[in-house]
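To be precise, the following lines are my_file39.csv, and they hold CSV, N, CA and C atoms.
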chain,number,residue,atom,x,y,z
A,768,MET,N,131.2,93.9,55.6
A,768,MET,CA,131.3,95.4,55.6
A,768,MET,C,132.4,95.7,56.6
A,769,SER,N,133.3,96.6,56.2
A,769,SER,CA,134.5,96.9,57.1
A,769,SER,C,134.0,97.8,58.2
A,770,ARG,N,134.7,97.8,59.3
A,770,ARG,CA,134.4,98.6,60.4
A,770,ARG,C,134.4,100.1,60.1
A,771,GLU,N,135.3,100.6,59.2
A,771,GLU,CA,135.3,102.0,58.9
A,771,GLU,C,134.0,102.4,58.1
A,772,VAL,N,133.6,101.5,57.2
A,772,VAL,CA,132.4,101.8,56.5
A,772,VAL,C,131.2,101.8,57.4
A,773,SER,N,131.1,100.9,58.3
A,773,SER,CA,130.0,100.8,59.3
A,773,SER,C,130.1,102.1,60.2
A,774,ASP,N,131.3,102.5,60.7
A,774,ASP,CA,131.4,103.7,61.5
A,774,ASP,C,131.0,104.9,60.7
A,775,ARG,N,131.3,105.0,59.4
A,775,ARG,CA,131.0,106.2,58.6
A,775,ARG,C,129.5,106.2,58.5
A,776,GLY,N,128.8,105.1,58.3
A,776,GLY,CA,127.4,105.1,58.2
A,776,GLY,C,126.7,105.6,59.4
A,777,ARG,N,127.2,105.2,60.6
A,777,ARG,CA,126.6,105.7,61.9
A,777,ARG,C,126.9,107.2,62.0
A,778,GLN,N,128.1,107.6,61.7
A,778,GLN,CA,128.4,109.0,61.8
A,778,GLN,C,127.5,109.8,60.8
A,779,ALA,N,127.3,109.4,59.6
A,779,ALA,CA,126.5,110.1,58.6
A,779,ALA,C,125.0,110.2,59.1
A,780,ALA,N,124.5,109.0,59.6
A,780,ALA,CA,123.2,109.0,60.1
A,780,ALA,C,123.0,110.0,61.3
A,781,SER,N,124.0,110.0,62.2
A,781,SER,CA,124.0,110.9,63.4
A,781,SER,C,124.0,112.3,62.9
A,782,ILE,N,124.8,112.7,61.9
A,782,ILE,CA,124.8,114.1,61.5
A,782,ILE,C,123.5,114.4,60.8
A,783,SER,N,123.0,113.6,59.9
A,783,SER,CA,121.7,113.8,59.3
A,783,SER,C,120.6,114.1,60.3
A,784,ASN,N,120.5,113.2,61.3
A,784,ASN,CA,119.5,113.3,62.3
A,784,ASN,C,119.7,114.6,63.1
A,785,ALA,N,120.9,115.0,63.5
A,785,ALA,CA,121.2,116.2,64.3
A,785,ALA,C,120.8,117.4,63.5
A,786,VAL,N,121.2,117.5,62.3
A,786,VAL,CA,120.9,118.7,61.5
A,786,VAL,C,119.4,118.8,61.2
A,787,THR,N,118.8,117.8,60.9
A,787,THR,CA,117.3,117.8,60.8
A,787,THR,C,116.6,118.2,62.1
A,788,ARG,N,117.1,117.7,63.2
A,788,ARG,CA,116.5,118.0,64.5
A,788,ARG,C,116.7,119.5,64.8
A,789,LEU,N,117.9,120.0,64.5
A,789,LEU,CA,118.1,121.4,64.8
A,789,LEU,C,117.2,122.3,63.9
A,790,HIS,N,117.0,122.0,62.7
A,790,HIS,CA,116.1,122.7,61.8
A,790,HIS,C,114.7,122.6,62.4
A,791,ARG,N,114.3,121.4,62.7
A,791,ARG,CA,112.9,121.3,63.2
A,791,ARG,C,112.7,122.1,64.5
A,792,GLU,N,113.7,122.0,65.5
A,792,GLU,CA,113.5,122.7,66.7
A,792,GLU,C,113.5,124.2,66.6
A,793,HIS,N,114.3,124.8,65.6
A,793,HIS,CA,114.5,126.2,65.5
A,793,HIS,C,113.7,126.9,64.4
A,794,TYR,N,113.3,126.1,63.4
A,794,TYR,CA,112.4,126.6,62.3
A,794,TYR,C,111.0,126.1,62.5
A,795,GLY,N,110.8,125.1,63.3
A,795,GLY,CA,109.4,124.6,63.4
A,795,GLY,C,109.1,123.5,62.4
A,796,ARG,N,110.1,123.2,61.5
A,796,ARG,CA,110.0,122.2,60.5
A,796,ARG,C,111.4,121.8,60.0
A,797,GLY,N,111.5,120.5,59.9
A,797,GLY,CA,112.8,119.9,59.4
A,797,GLY,C,112.6,119.4,58.0
A,798,ALA,N,113.7,119.0,57.4
A,798,ALA,CA,113.7,118.4,56.1
A,798,ALA,C,112.9,117.1,56.1
A,799,THR,N,112.3,116.8,55.0
A,799,THR,CA,111.6,115.5,54.9
A,799,THR,C,112.7,114.3,54.7
A,800,THR,N,113.8,114.7,54.0
A,800,THR,CA,114.9,113.7,53.9
A,800,THR,C,116.2,114.4,54.1
A,801,ALA,N,117.2,113.7,54.6
A,801,ALA,CA,118.5,114.2,54.7
A,801,ALA,C,119.5,113.1,54.4
A,802,ARG,N,120.6,113.5,53.8
A,802,ARG,CA,121.6,112.5,53.5
A,802,ARG,C,123.0,113.2,53.7
A,803,THR,N,123.8,112.5,54.4
A,803,THR,CA,125.1,113.1,54.7
A,803,THR,C,126.2,112.2,54.0
A,804,ILE,N,127.1,112.9,53.4
A,804,ILE,CA,128.2,112.3,52.7
A,804,ILE,C,129.5,112.7,53.4
A,805,ILE,N,130.4,111.7,53.7
A,805,ILE,CA,131.6,112.0,54.4
A,805,ILE,C,132.7,111.5,53.5
A,806,GLN,N,133.7,112.4,53.2
A,806,GLN,CA,134.8,112.0,52.4
A,806,GLN,C,136.0,112.8,52.9
A,807,GLY,N,137.0,112.1,53.3
A,807,GLY,CA,138.2,112.7,53.8
A,807,GLY,C,137.9,113.7,54.9
A,808,ASN,N,138.3,115.0,54.6
A,808,ASN,CA,138.1,116.1,55.6
A,808,ASN,C,136.8,116.8,55.4
A,809,TYR,N,135.9,116.3,54.6
A,809,TYR,CA,134.7,117.0,54.2
A,809,TYR,C,133.4,116.2,54.6
A,810,VAL,N,132.5,116.9,55.1
A,810,VAL,CA,131.2,116.4,55.4
A,810,VAL,C,130.1,117.3,54.8
A,811,VAL,N,129.2,116.7,54.0
A,811,VAL,CA,128.1,117.5,53.4
A,811,VAL,C,126.8,116.8,53.7
A,812,CYS,N,125.9,117.6,54.2
A,812,CYS,CA,124.6,117.1,54.6
A,812,CYS,C,123.6,117.8,53.6
A,813,PHE,N,122.9,117.0,52.8
A,813,PHE,CA,121.9,117.5,51.8
A,813,PHE,C,120.5,117.3,52.5
A,814,LEU,N,119.7,118.4,52.5
A,814,LEU,CA,118.4,118.4,53.0
A,814,LEU,C,117.4,118.7,52.0
A,815,ASP,N,116.3,117.8,51.9
A,815,ASP,CA,115.3,118.0,50.9
A,815,ASP,C,114.0,118.5,51.5
A,816,ASP,N,113.2,119.3,50.8
A,816,ASP,CA,111.9,119.7,51.2
A,816,ASP,C,112.1,120.5,52.6
A,817,ILE,N,112.7,121.6,52.5
A,817,ILE,CA,113.1,122.3,53.7
A,817,ILE,C,112.2,123.5,54.1
A,818,TYR,N,111.5,124.1,53.2
A,818,TYR,CA,110.9,125.4,53.4
A,818,TYR,C,109.6,125.3,54.2
A,819,THR,N,109.4,126.3,55.1
A,819,THR,CA,108.2,126.4,55.9
A,819,THR,C,107.1,126.9,55.0
A,820,PRO,N,105.8,126.8,55.5
A,820,PRO,CA,104.7,127.4,54.7
A,820,PRO,C,104.9,128.9,54.4
A,821,VAL,N,105.4,129.7,55.4
A,821,VAL,CA,105.6,131.1,55.2
A,821,VAL,C,106.7,131.3,54.1
A,822,GLU,N,107.8,130.5,54.2
A,822,GLU,CA,108.8,130.7,53.2
A,822,GLU,C,108.3,130.3,51.8
A,823,ARG,N,107.5,129.3,51.7
A,823,ARG,CA,106.9,128.9,50.4
A,823,ARG,C,106.0,130.1,49.8
A,824,THR,N,105.3,130.7,50.7
A,824,THR,CA,104.5,131.9,50.3
A,824,THR,C,105.4,133.0,49.7
A,825,LEU,N,106.4,133.3,50.4
A,825,LEU,CA,107.4,134.3,49.9
A,825,LEU,C,108.0,133.9,48.6
A,826,ILE,N,108.4,132.6,48.5
A,826,ILE,CA,109.0,132.1,47.3
A,826,ILE,C,108.0,132.3,46.1
A,827,ASP,N,106.8,131.9,46.3
A,827,ASP,CA,105.7,132.0,45.3
A,827,ASP,C,105.5,133.4,44.9
A,828,ALA,N,105.8,134.4,45.8
A,828,ALA,CA,105.6,135.8,45.6
A,828,ALA,C,106.8,136.4,45.0
A,829,GLY,N,107.8,135.6,44.6
A,829,GLY,CA,109.0,136.1,44.0
A,829,GLY,C,110.0,136.7,45.0
A,830,ARG,N,109.9,136.4,46.3
A,830,ARG,CA,110.7,137.0,47.3
A,830,ARG,C,111.8,136.0,47.8
A,831,GLU,N,112.4,135.3,46.8
A,831,GLU,CA,113.5,134.3,47.2
A,831,GLU,C,114.6,135.0,47.9
A,832,HIS,N,114.9,136.2,47.5
A,832,HIS,CA,116.1,136.9,48.2
A,832,HIS,C,115.8,137.0,49.7
A,833,ALA,N,114.6,137.4,50.1
A,833,ALA,CA,114.3,137.5,51.5
A,833,ALA,C,114.4,136.2,52.2
A,834,VAL,N,114.0,135.1,51.6
A,834,VAL,CA,114.1,133.8,52.2
A,834,VAL,C,115.6,133.4,52.3
A,835,ARG,N,116.3,133.6,51.3
A,835,ARG,CA,117.8,133.3,51.3
A,835,ARG,C,118.5,134.0,52.4
A,836,GLU,N,118.2,135.3,52.5
A,836,GLU,CA,118.8,136.2,53.5
A,836,GLU,C,118.4,135.7,54.9
A,837,THR,N,117.2,135.4,55.2
A,837,THR,CA,116.7,135.0,56.5
A,837,THR,C,117.4,133.6,56.8
A,838,ARG,N,117.4,132.7,55.9
A,838,ARG,CA,118.1,131.4,56.1
A,838,ARG,C,119.6,131.6,56.4
A,839,GLN,N,120.2,132.5,55.7
A,839,GLN,CA,121.7,132.8,56.0
A,839,GLN,C,121.9,133.3,57.4
A,840,ILE,N,121.0,134.3,57.8
A,840,ILE,CA,121.1,134.8,59.1
A,840,ILE,C,120.9,133.7,60.2
A,841,PHE,N,119.9,132.9,59.9
A,841,PHE,CA,119.7,131.7,60.8
A,841,PHE,C,120.9,130.8,60.9
A,842,GLN,N,121.5,130.5,59.8
A,842,GLN,CA,122.7,129.6,59.7
A,842,GLN,C,123.8,130.2,60.5
A,843,ASP,N,124.0,131.5,60.3
A,843,ASP,CA,125.1,132.2,61.0
A,843,ASP,C,124.9,132.1,62.5
A,844,ALA,N,123.7,132.3,63.0
A,844,ALA,CA,123.4,132.2,64.4
A,844,ALA,C,123.5,130.8,64.9
A,845,MET,N,123.1,129.9,64.1
A,845,MET,CA,123.1,128.5,64.5
A,845,MET,C,124.4,127.7,64.3
A,846,ALA,N,125.4,128.3,63.7
A,846,ALA,CA,126.6,127.7,63.3
A,846,ALA,C,127.3,126.9,64.5
A,847,PRO,N,127.3,127.5,65.7
A,847,PRO,CA,128.0,126.7,66.8
A,847,PRO,C,127.2,125.4,67.1
A,848,LYS,N,125.9,125.4,67.0
A,848,LYS,CA,125.2,124.1,67.3
A,848,LYS,C,125.4,123.1,66.2
A,849,PHE,N,125.4,123.6,64.9
A,849,PHE,CA,125.7,122.6,63.8
A,849,PHE,C,127.1,122.1,63.9
A,850,ILE,N,128.0,122.9,64.2
A,850,ILE,CA,129.4,122.5,64.3
A,850,ILE,C,129.6,121.5,65.5
A,851,GLU,N,129.0,121.8,66.6
A,851,GLU,CA,129.0,120.9,67.8
A,851,GLU,C,128.5,119.5,67.4
A,852,ALA,N,127.4,119.5,66.7
A,852,ALA,CA,126.8,118.2,66.3
A,852,ALA,C,127.7,117.4,65.4
A,853,VAL,N,128.4,118.0,64.5
A,853,VAL,CA,129.3,117.3,63.6
A,853,VAL,C,130.6,116.9,64.3
A,854,GLU,N,131.1,117.8,65.2
A,854,GLU,CA,132.3,117.4,66.0
A,854,GLU,C,132.0,116.2,66.9
A,855,ALA,N,130.8,116.2,67.5
A,855,ALA,CA,130.5,115.1,68.3
A,855,ALA,C,130.4,113.8,67.5
A,856,ALA,N,129.8,113.8,66.4
A,856,ALA,CA,129.6,112.6,65.6
A,856,ALA,C,130.9,112.1,65.0
A,857,MET,N,131.8,113.1,64.6
A,857,MET,CA,133.0,112.7,63.9
A,857,MET,C,134.2,112.6,64.8
A,858,GLY,N,134.1,113.1,66.0
A,858,GLY,CA,135.3,113.1,66.9
A,858,GLY,C,136.4,113.9,66.4
A,859,ARG,N,136.1,114.9,65.6
A,859,ARG,CA,137.1,115.8,65.0
A,859,ARG,C,136.6,117.2,65.0
A,860,LYS,N,137.6,118.2,65.0
A,860,LYS,CA,137.3,119.6,65.0
A,860,LYS,C,136.8,120.0,63.6
A,861,VAL,N,135.8,120.9,63.6
A,861,VAL,CA,135.3,121.5,62.3
A,861,VAL,C,136.0,122.8,62.2
A,862,ILE,N,136.7,123.1,61.1
A,862,ILE,CA,137.4,124.4,60.9
A,862,ILE,C,136.7,125.3,60.0
A,863,ALA,N,135.6,124.8,59.3
A,863,ALA,CA,134.8,125.7,58.4
A,863,ALA,C,133.4,125.1,58.3
A,864,PHE,N,132.5,126.0,58.2
A,864,PHE,CA,131.1,125.7,58.0
A,864,PHE,C,130.5,126.6,57.0
A,865,MET,N,129.8,126.0,56.0
A,865,MET,CA,129.1,126.8,54.9
A,865,MET,C,127.7,126.2,54.7
A,866,SER,N,126.8,127.1,54.3
A,866,SER,CA,125.4,126.7,54.1
A,866,SER,C,124.9,127.3,52.9
A,867,GLN,N,124.1,126.6,52.1
A,867,GLN,CA,123.5,127.1,50.9
A,867,GLN,C,122.1,126.5,50.7
A,868,VAL,N,121.2,127.4,50.2
A,868,VAL,CA,119.8,126.9,49.9
A,868,VAL,C,119.6,127.0,48.4
A,869,CYS,N,118.7,126.2,47.9
A,869,CYS,CA,118.2,126.2,46.5
A,869,CYS,C,116.7,126.2,46.5
A,870,PHE,N,116.1,126.9,45.5
A,870,PHE,CA,114.7,126.9,45.5
A,870,PHE,C,114.1,125.9,44.5
A,871,ALA,N,114.8,125.6,43.5
A,871,ALA,CA,114.3,124.5,42.5
A,871,ALA,C,115.4,123.7,42.1
A,872,PRO,N,115.6,122.6,42.7
A,872,PRO,CA,114.7,121.9,43.7
A,872,PRO,C,114.8,122.5,45.1
A,873,ASP,N,113.8,122.2,45.9
A,873,ASP,CA,113.7,122.7,47.3
A,873,ASP,C,114.7,121.9,48.1
A,874,MET,N,115.9,122.5,48.4
A,874,MET,CA,116.9,121.8,49.1
A,874,MET,C,117.9,122.7,49.7
A,875,ALA,N,118.7,122.2,50.6
A,875,ALA,CA,119.8,122.9,51.2
A,875,ALA,C,121.0,122.0,51.3
A,876,ALA,N,122.2,122.6,51.5
A,876,ALA,CA,123.4,121.8,51.7
A,876,ALA,C,124.2,122.5,52.9
A,877,GLU,N,124.5,121.7,53.9
A,877,GLU,CA,125.3,122.1,55.0
A,877,GLU,C,126.7,121.5,54.8
A,878,VAL,N,127.7,122.3,54.7
A,878,VAL,CA,129.1,121.8,54.4
A,878,VAL,C,130.0,122.1,55.5
A,879,PHE,N,130.7,121.1,55.9
A,879,PHE,CA,131.6,121.2,57.0
A,879,PHE,C,133.0,120.7,56.6
A,880,VAL,N,134.1,121.4,57.0
A,880,VAL,CA,135.4,121.1,56.7
A,880,VAL,C,136.1,120.7,58.0
A,881,LEU,N,136.6,119.5,58.1
A,881,LEU,CA,137.2,119.0,59.3
A,881,LEU,C,138.7,119.3,59.3
A,882,GLU,N,139.3,119.5,60.5
A,882,GLU,CA,140.7,119.7,60.6
A,882,GLU,C,141.4,118.5,60.0
A,883,PRO,N,142.4,118.8,59.2
A,883,PRO,CA,143.2,117.7,58.6
A,883,PRO,C,143.9,116.8,59.6
A,884,ARG,N,144.0,115.6,59.3
A,884,ARG,CA,144.8,114.6,60.2
A,884,ARG,C,146.1,114.3,59.5
A,885,GLY,N,147.1,114.1,60.3
A,885,GLY,CA,148.4,113.7,59.8
A,885,GLY,C,148.4,112.2,59.5
A,886,GLU,N,149.5,111.6,59.1
A,886,GLU,CA,149.6,110.2,58.8
A,886,GLU,C,149.3,109.3,60.0
A,887,ASP,N,149.6,109.9,61.2
A,887,ASP,CA,149.5,109.1,62.4
A,887,ASP,C,148.1,109.2,63.0
A,888,GLY,N,147.2,110.0,62.3
A,888,GLY,CA,145.8,110.1,62.7
A,888,GLY,C,145.6,111.3,63.6
A,889,GLU,N,146.7,112.0,64.0
A,889,GLU,CA,146.6,113.1,64.9
A,889,GLU,C,146.4,114.4,64.0
A,890,PRO,N,145.8,115.5,64.6
A,890,PRO,CA,145.7,116.7,63.8
A,890,PRO,C,147.0,117.2,63.4
A,891,GLU,N,147.1,117.7,62.1
A,891,GLU,CA,148.3,118.3,61.6
A,891,GLU,C,148.6,119.6,62.3
A,892,SER,N,149.9,119.8,62.5
A,892,SER,CA,150.3,121.1,63.2
A,892,SER,C,150.6,122.2,62.2
Whole structure, structure tokens version:
Amino acid sequence: MSREVSDRGRQAASISNAVTRLHREHYGRGATTARTIIQGNYVVCFLDDIYTPVERTLIDAGREHAVRETRQIFQDAMAPKFIEAVEAAMGRKVIAFMSQVCFAPDMAAEVFVLEPRGEDGEPES
């Protein structure tokens, strides 16, 4: 296994753990599984089984819009912490963060765009 592949695996695990931890600490419940994919300047963390019992009750009552809106407000408020975790794991600046939830299947995706690097490995100007 190449060093880069090994480093990417550690980075991906670190991001999955950090995102799940932040959800658990601030929602009272984290995802049951998380998987992070790193490709070029993009990092995507997929979270499965994310909803709290209260959110599941609202979803069952047809109030998906309320759950989506509350989750989006939470993500906006938490963006600096999510970005900080990814920047720490990747050693690179995050220039964009997006979040999306899905109800069927029960999952979310946290998407991060990293600052591009030039050919010399330094940030592009």
- Selection near Tyr809 (chain A), 6.5 Å with all atoms listed in the file, sequence-local residues under 5 positions removed, as a list in words: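 Here the qualifying residues turn out to be Ile804, Phe879, Val880 and Leu881 of chain A.
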- Item | Backbone DSSP call of alpha helix (DSSP H) for region 776-880 of chain A, listed as a VMD selection string | chain A and resid 776 to 794 820 to 827 831 to 857
- Message: I want to know what sits within 7 Å of region 856-859 of chain A, based on only C-alpha atoms, with residues of the same chain fewer than 6 positions away left out; could you give that as a list in words?
- Response: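 Contacts, in chain order: Gln778, Ser781, Ile782, Leu881 and Glu882 of chain A.
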- Message: Need to verify the contact set: Met865 (chain A), 10 Å, only C-alpha atoms, exclusion of same-chain residues closer than 2 positions in sequence. Can you return it as a ChimeraX atom specification?
- Response: /A:811,839,842-843,846,863,867,876-880
- Query: Please, what distance in Å, to one decimal, runs between atom C of Tyr818 (chain A) and atom C of His793 (chain A)?
  - Reply: 11.1 Å
- Query: Hey, which of A:Ser773, A:Thr819, A:Thr799, A:Gln806 ends up closest to Thr787 (chain A)? Count only C-alpha atoms.
  - Reply: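 Of A:Ser773, A:Thr819, A:Thr799, A:Gln806, the one nearest Thr787 (chain A), counting only C-alpha atoms, is A:Thr799.
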Who sits within 12 Å of Val821 (chain A), only C-alpha atoms, same chain under 6 positions skipped, as a PDB file with N, CA and C atoms, keeping the file's coordinate frame:
ATOM      1  N   TYR A 794     113.300 126.100  63.400  1.00  0.00           N
ATOM      2  CA  TYR A 794     112.400 126.600  62.300  1.00  0.00           C
ATOM      3  C   TYR A 794     111.000 126.100  62.500  1.00  0.00           C
ATOM      4  N   GLY A 795     110.800 125.100  63.300  1.00  0.00           N
ATOM      5  CA  GLY A 795     109.400 124.600  63.400  1.00  0.00           C
ATOM      6  C   GLY A 795     109.100 123.500  62.400  1.00  0.00           C
ATOM      7  N   ARG A 796     110.100 123.200  61.500  1.00  0.00           N
ATOM      8  CA  ARG A 796     110.000 122.200  60.500  1.00  0.00           C
ATOM      9  C   ARG A 796     111.400 121.800  60.000  1.00  0.00           C
ATOM     10  N   ASP A 827     106.800 131.900  46.300  1.00  0.00           N
ATOM     11  CA  ASP A 827     105.700 132.000  45.300  1.00  0.00           C
ATOM     12  C   ASP A 827     105.500 133.400  44.900  1.00  0.00           C
ATOM     13  N   ALA A 828     105.800 134.400  45.800  1.00  0.00           N
ATOM     14  CA  ALA A 828     105.600 135.800  45.600  1.00  0.00           C
ATOM     15  C   ALA A 828     106.800 136.400  45.000  1.00  0.00           C
ATOM     16  N   ARG A 830     109.900 136.400  46.300  1.00  0.00           N
ATOM     17  CA  ARG A 830     110.700 137.000  47.300  1.00  0.00           C
ATOM     18  C   ARG A 830     111.800 136.000  47.800  1.00  0.00           C
ATOM     19  N   GLU A 831     112.400 135.300  46.800  1.00  0.00           N
ATOM     20  CA  GLU A 831     113.500 134.300  47.200  1.00  0.00           C
ATOM     21  C   GLU A 831     114.600 135.000  47.900  1.00  0.00           C
ATOM     22  N   ALA A 833     114.600 137.400  50.100  1.00  0.00           N
ATOM     23  CA  ALA A 833     114.300 137.500  51.500  1.00  0.00           C
ATOM     24  C   ALA A 833     114.400 136.200  52.200  1.00  0.00           C
ATOM     25  N   VAL A 834     114.000 135.100  51.600  1.00  0.00           N
ATOM     26  CA  VAL A 834     114.100 133.800  52.200  1.00  0.00           C
ATOM     27  C   VAL A 834     115.600 133.400  52.300  1.00  0.00           C
ATOM     28  N   THR A 837     117.200 135.400  55.200  1.00  0.00           N
ATOM     29  CA  THR A 837     116.700 135.000  56.500  1.00  0.00           C
ATOM     30  C   THR A 837     117.400 133.600  56.800  1.00  0.00           C
TER      31      THR A 837
END
- Message: Let me make sure I understand: among A:Thr824, A:Asp873, A:His832, A:Asn808, which one has the smallest atom-to-atom distance to Val861 (chain A) if we use only C-alpha atoms?
- Response: A:Asn808
- Message: When you look at Ala780 (chain A) with a cut-off of 9 Å (counting only C-alpha atoms), what residues show up, excluding the ones that are within fewer than 6 positions of it in the same chain? I need them as a ChimeraX atom specification.
- Response: /A:801-803
- strand (DSSP E) call set, DSSP backbone run, chain A, as a VMD selection string: chain A and resid 800 to 806 809 to 815 861 to 869 874 to 881
- Item | Length of the CA of Glu836 (chain A) to atom C of Ile850 (chain A) vector [Å] |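 The value is 21.8 Å.
Nearest residue to Ala798 (chain A) among A:Arg775, A:Ala875, A:Pro883, A:Leu825 is A:Ala875, counting only C-alpha atoms.
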